[in-house]
Each structure stands twice: as structure tokens, then as C-alpha cells.
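Asker: Next up is a structure, given as C-alpha cells.
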Amino acid sequence: MLFPDPVLFAFALVNTAALLFLWIYYVITISDLECDYLNAQQCCSKLNFWVKPKLYAHIVLTVFLLLNGHWILVFANFPMAGWMIYEIVQIPGGNIGVYEPTEIYNHGQIKKYMRDCMIHLGYYLILFFAYLYCMIVALLKDNPIQQDDMEVEF
């Protein structure tokens, strides 16, 4: 074990909360593009800036879970890590990133990106509560209330 379980799950909670807020930022930015508060270039540059940091945050958490031997949580994290890697690998040559300003209005891409954001939000929300449950179980497993064998009379 690399970290004690309560520390690992506390890190997982913070990491997942940060990713949740990042996905909320994505939803707000894409909504601003739909309402014409942002132009396509501004929106795509804001979204592309966070593509690799969110992948790194997710992979670091998955590696920590792997090193601590929490296999079910590792397998729960693989699909999203795989999807984010797939998005990055599938960037066509000449595009500036996953979100391309010249293609964002084509073929309902905005709706697709919004749908993907909602799926990510739901996924991370479920993981957040799973990590919260695991942290509570890990804290209770350590018996936080040490009871001495002293008899107390009232």
C-alpha cells in the first residue's frame, strides 16, 4: 500500500470534486457558445486548455488506486480514462485540439459535446459518492473512537 486508505480516498474526493467543477465549467462554456456569448475560437481555446490536465488528474488517481490494490475502483476508472485518451488520439491533423473552432458548428457538434459533458458529470458524481462511502468505511475500520476498559459510573 502506497497510502493509507483514508488519505487515498480523501485525495480521491478532492480530485473528483475538482474534476466535477471542471466539467461544470465545460457545460457553462459550451452553453455560452450556444447563446453566442463566446465566439468559437474563445470557447475552443478555453476547453482545449483543460483537456490534458483532466486526463492527467484522472490517470494519477487511477494509478494511486492501482498501487493500493482497489481493483474494483480501478476498473470503474478505466472506461473514462480510455475515452479521454481516445479523444486525444483521434484529433485529426491540423486541428488545434479536441474542440476545433471551424468544426464546432458542423453536424450538431455542440449538442454532442454537451451530451458528453453531461455523461462525464454523471460519471464523476457517482464516483464522488463512491469515494465518499469508501473514505467513511476506511475511517470507521480504524476504530476512531478508542474505548478503554474503564468503567464509567453515572
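Naming scheme: A, B, ... for chains in displayed order of the C-alpha cells; residues 1 onward per chain; ligands 1 onward as shown.
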Would you kindly return, as a tab-separated table (two decimals) with N, CA, C and O atoms, in the first residue's frame, each protein, DNA or RNA residue with an atom no farther than 7 Å from any atom of Pro101 (chain A), considering only C-alpha atoms and excluding same-chain residues fewer than 5 positions away?

Answerer:
chain	number	residue	atom	x	y	z
A	40	ALA	N	-16.48	30.98	-31.32
A	40	ALA	CA	-15.99	29.60	-31.37
A	40	ALA	C	-14.51	29.52	-31.00
A	40	ALA	O	-14.09	28.57	-30.32
A	41	GLN	N	-13.72	30.49	-31.41
A	41	GLN	CA	-12.28	30.47	-31.11
A	41	GLN	C	-12.03	30.58	-29.60
A	41	GLN	O	-11.22	29.82	-29.05
A	44	CYS	N	-13.29	27.22	-27.83
A	44	CYS	CA	-12.42	26.06	-28.06
A	44	CYS	C	-11.07	26.21	-27.38
A	44	CYS	O	-10.53	25.23	-26.86

Asker: What's the 7 Å shell around Phe9 (chain A), counting only C-alpha atoms, without same-chain residues fewer than 6 positions away, as a list in words?

Answerer: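 In the requested format, the answer is Tyr131, Cys134 and Met135 of chain A.
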
Asker: Near Asp116 (chain A), counting only C-alpha atoms, which residues have an atom at most 12 Å away, once you skip same-chain residues fewer than 4 positions from it, shown as a list of chain:residue names?

Answerer: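 In the requested form, the answer reads A:Trp23, A:Ile24, A:Tyr26, A:Val27, A:Ile30, A:Met80, A:Trp83, A:Met84, A:Glu87, A:Gln109, A:Ile110, A:Lys111, A:Lys112, A:His120, A:Leu121, A:Gly122, A:Tyr123.
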
Asker: Neighbouring residues of Ala130 (chain A) were defined as those with any atom within 12 Å, considering only C-alpha atoms; residues of the same chain fewer than 6 positions away were excluded. Please report them as an mmCIF file with N, CA, C and O atoms, in the first residue's frame.

Answerer:
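Written out: selection_35.cif:
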data_model
loop_
_atom_site.group_PDB
_atom_site.id
_atom_site.type_symbol
_atom_site.label_atom_id
_atom_site.label_comp_id
_atom_site.auth_asym_id
_atom_site.auth_seq_id
_atom_site.Cartn_x
_atom_site.Cartn_y
_atom_site.Cartn_z
ATOM 1 N N PHE A 9 -8.531 7.997 -0.154
ATOM 2 C CA PHE A 9 -9.897 8.358 -0.512
ATOM 3 C C PHE A 9 -10.172 9.847 -0.310
ATOM 4 O O PHE A 9 -11.002 10.425 -1.010
ATOM 5 N N ALA A 10 -9.476 10.477 0.626
ATOM 6 C CA ALA A 10 -9.590 11.937 0.759
ATOM 7 C C ALA A 10 -9.026 12.608 -0.496
ATOM 8 O O ALA A 10 -9.617 13.556 -1.030
ATOM 9 N N ALA A 12 -8.880 11.181 -3.428
ATOM 10 C CA ALA A 12 -9.826 10.854 -4.492
ATOM 11 C C ALA A 12 -11.030 11.798 -4.464
ATOM 12 O O ALA A 12 -11.514 12.225 -5.518
ATOM 13 N N LEU A 13 -11.497 12.133 -3.264
ATOM 14 C CA LEU A 13 -12.621 13.071 -3.152
ATOM 15 C C LEU A 13 -12.258 14.452 -3.675
ATOM 16 O O LEU A 13 -13.024 15.068 -4.419
ATOM 17 N N THR A 16 -11.795 14.229 -7.516
ATOM 18 C CA THR A 16 -13.073 14.084 -8.206
ATOM 19 C C THR A 16 -13.903 15.359 -8.102
ATOM 20 O O THR A 16 -14.580 15.740 -9.062
ATOM 21 N N ILE A 72 -11.630 -2.887 -7.934
ATOM 22 C CA ILE A 72 -12.964 -2.536 -8.437
ATOM 23 C C ILE A 72 -13.000 -1.064 -8.837
ATOM 24 O O ILE A 72 -13.537 -0.710 -9.891
ATOM 25 N N LEU A 73 -12.398 -0.212 -8.023
ATOM 26 C CA LEU A 73 -12.368 1.214 -8.351
ATOM 27 C C LEU A 73 -11.467 1.496 -9.555
ATOM 28 O O LEU A 73 -11.741 2.404 -10.348
ATOM 29 N N ALA A 76 -13.473 0.659 -12.465
ATOM 30 C CA ALA A 76 -14.508 1.681 -12.652
ATOM 31 C C ALA A 76 -13.931 2.934 -13.307
ATOM 32 O O ALA A 76 -14.650 3.672 -13.974
ATOM 33 N N ASN A 77 -12.620 3.171 -13.128
ATOM 34 C CA ASN A 77 -11.984 4.352 -13.694
ATOM 35 C C ASN A 77 -11.444 4.132 -15.108
ATOM 36 O O ASN A 77 -11.215 5.101 -15.828
ATOM 37 N N TYR A 123 -20.999 10.565 -14.369
ATOM 38 C CA TYR A 123 -19.974 9.574 -14.023
ATOM 39 C C TYR A 123 -19.171 10.026 -12.802
ATOM 40 O O TYR A 123 -18.986 9.265 -11.846
ATOM 41 N N TYR A 124 -18.709 11.270 -12.822
ATOM 42 C CA TYR A 124 -17.898 11.765 -11.708
ATOM 43 C C TYR A 124 -18.736 11.990 -10.453
ATOM 44 O O TYR A 124 -18.218 11.871 -9.341
ATOM 45 N N ILE A 136 -15.449 6.885 4.329
ATOM 46 C CA ILE A 136 -16.135 6.685 5.611
ATOM 47 C C ILE A 136 -15.875 5.275 6.133
ATOM 48 O O ILE A 136 -15.575 5.089 7.315
ATOM 49 N N VAL A 137 -15.946 4.289 5.256
ATOM 50 C CA VAL A 137 -15.671 2.907 5.664
ATOM 51 C C VAL A 137 -14.233 2.762 6.131
ATOM 52 O O VAL A 137 -13.956 2.116 7.149
#

Asker: I'd like to know which of A:Leu8, A:Ile119, A:Ile88, A:Ala138 is closest to Leu61 (chain A), using only C-alpha atoms.

Answerer: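 Of the candidates, the smallest distance to Leu61 (chain A) is held by A:Leu8.
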
Asker: Could you tell me which of A:Tyr86, A:Trp71, A:Leu33, A:Pro6 comes closest to Leu132 (chain A) if we count only C-alpha atoms?

Answerer: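 Among A:Tyr86, A:Trp71, A:Leu33, A:Pro6, it is A:Pro6 that comes nearest to Leu132 (chain A).
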
Asker: As an exercise, work out the distance from CA of Thr62 (chain A) to CA of Tyr25 (chain A) in Å and give it to one decimal place.

Answerer: 22.7 Å

Asker: One decimal, Å: what's the distance from CA of Leu47 (chain A) over to CA of Gly97 (chain A), could you say?

Answerer: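 Rounded to one decimal, the two atoms are 9.0 Å apart.
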
Asker: To test your reading of the structure, identify every residue in region 32-93 of chain A that backbone DSSP assigns to alpha helix (DSSP H), and report it as number ranges by chain.

Answerer: A: 32-34, 40-49, 51-68, 71-89
